[in-house]
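Q: Can you read through this structure? Questions will come right after.
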Amino acid sequence: MPVTSKQKDVLDIKQYITDEKGHKVAAILDIKELSRIERMLEDLSDLRAIEDRILEPSEDYESYSRKRKSRLHVSYVPGNRDHFLPR
């Protein structure tokens, strides 16, 4: 039984699970449908991140890269299995 949201996206719900009073408490979806919903949520999260940063000033890559490289310092730590740790 498909359910339509306000955006006209269709959720392919295979079956509802109800309580003793007949109220819907859960839904059964195909794995493909669950994967589709997860991708949509990831896209929504990405769009929110873009929206949050849209008013931040832009910076060209070369300038950004120079700043990052000037702040990156690596130290050798004897006895550490990773050997190199950022300071």
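Quick note on naming: the chains in the structure tokens go A, B, ... in the order shown, residues restart at 1 in each chain, and ligands are numbered from 1 in order of appearance.
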Find the spatial neighbours of stretch 22-35 of chain A, counting only C-alpha atoms, within a cut-off of 12 Å - ignore same-chain residues fewer than 2 positions away - and output them as a ChimeraX atom specification.
A: /A:1-3,9-20,37-42
Q: Can I get the selection written as an mmCIF file, in the first residue's frame, with C-alpha atoms?
A:
```cif
data_model
loop_
_atom_site.group_PDB
_atom_site.id
_atom_site.type_symbol
_atom_site.label_atom_id
_atom_site.label_comp_id
_atom_site.auth_asym_id
_atom_site.auth_seq_id
_atom_site.Cartn_x
_atom_site.Cartn_y
_atom_site.Cartn_z
ATOM 1 C CA MET A 1 0.000 0.000 0.000
ATOM 2 C CA PRO A 2 1.890 3.146 -1.183
ATOM 3 C CA VAL A 3 1.738 6.243 0.982
ATOM 4 C CA ASP A 9 7.369 11.034 -3.159
ATOM 5 C CA VAL A 10 5.909 7.573 -2.748
ATOM 6 C CA LEU A 11 6.934 5.309 0.113
ATOM 7 C CA ASP A 12 6.494 1.670 -0.784
ATOM 8 C CA ILE A 13 5.207 0.277 2.503
ATOM 9 C CA LYS A 14 4.566 -3.457 2.244
ATOM 10 C CA GLN A 15 2.631 -3.909 5.468
ATOM 11 C CA TYR A 16 1.675 -2.075 8.648
ATOM 12 C CA ILE A 17 1.948 -3.546 12.120
ATOM 13 C CA THR A 18 -0.845 -2.483 14.465
ATOM 14 C CA ASP A 19 -1.458 -2.667 18.187
ATOM 15 C CA GLU A 20 -4.476 -4.277 19.848
ATOM 16 C CA ILE A 37 15.143 6.533 1.994
ATOM 17 C CA GLU A 38 18.660 6.473 3.487
ATOM 18 C CA ARG A 39 20.060 8.090 0.309
ATOM 19 C CA MET A 40 17.350 10.749 0.450
ATOM 20 C CA LEU A 41 18.226 11.510 4.086
ATOM 21 C CA GLU A 42 21.927 11.777 3.213
#
```
Q: Any idea what the distance is between atom CA of A:Arg68 and atom CA of A:Arg53?
A: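 Rounded to one decimal, the two atoms are 19.1 Å apart.
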Q: Please run DSSP on the backbone and report, as an MDAnalysis selection string, all residues within stretch 16-77 of chain A that come out as alpha helix (DSSP H).
A: chainID A and resid 31:53 61:71
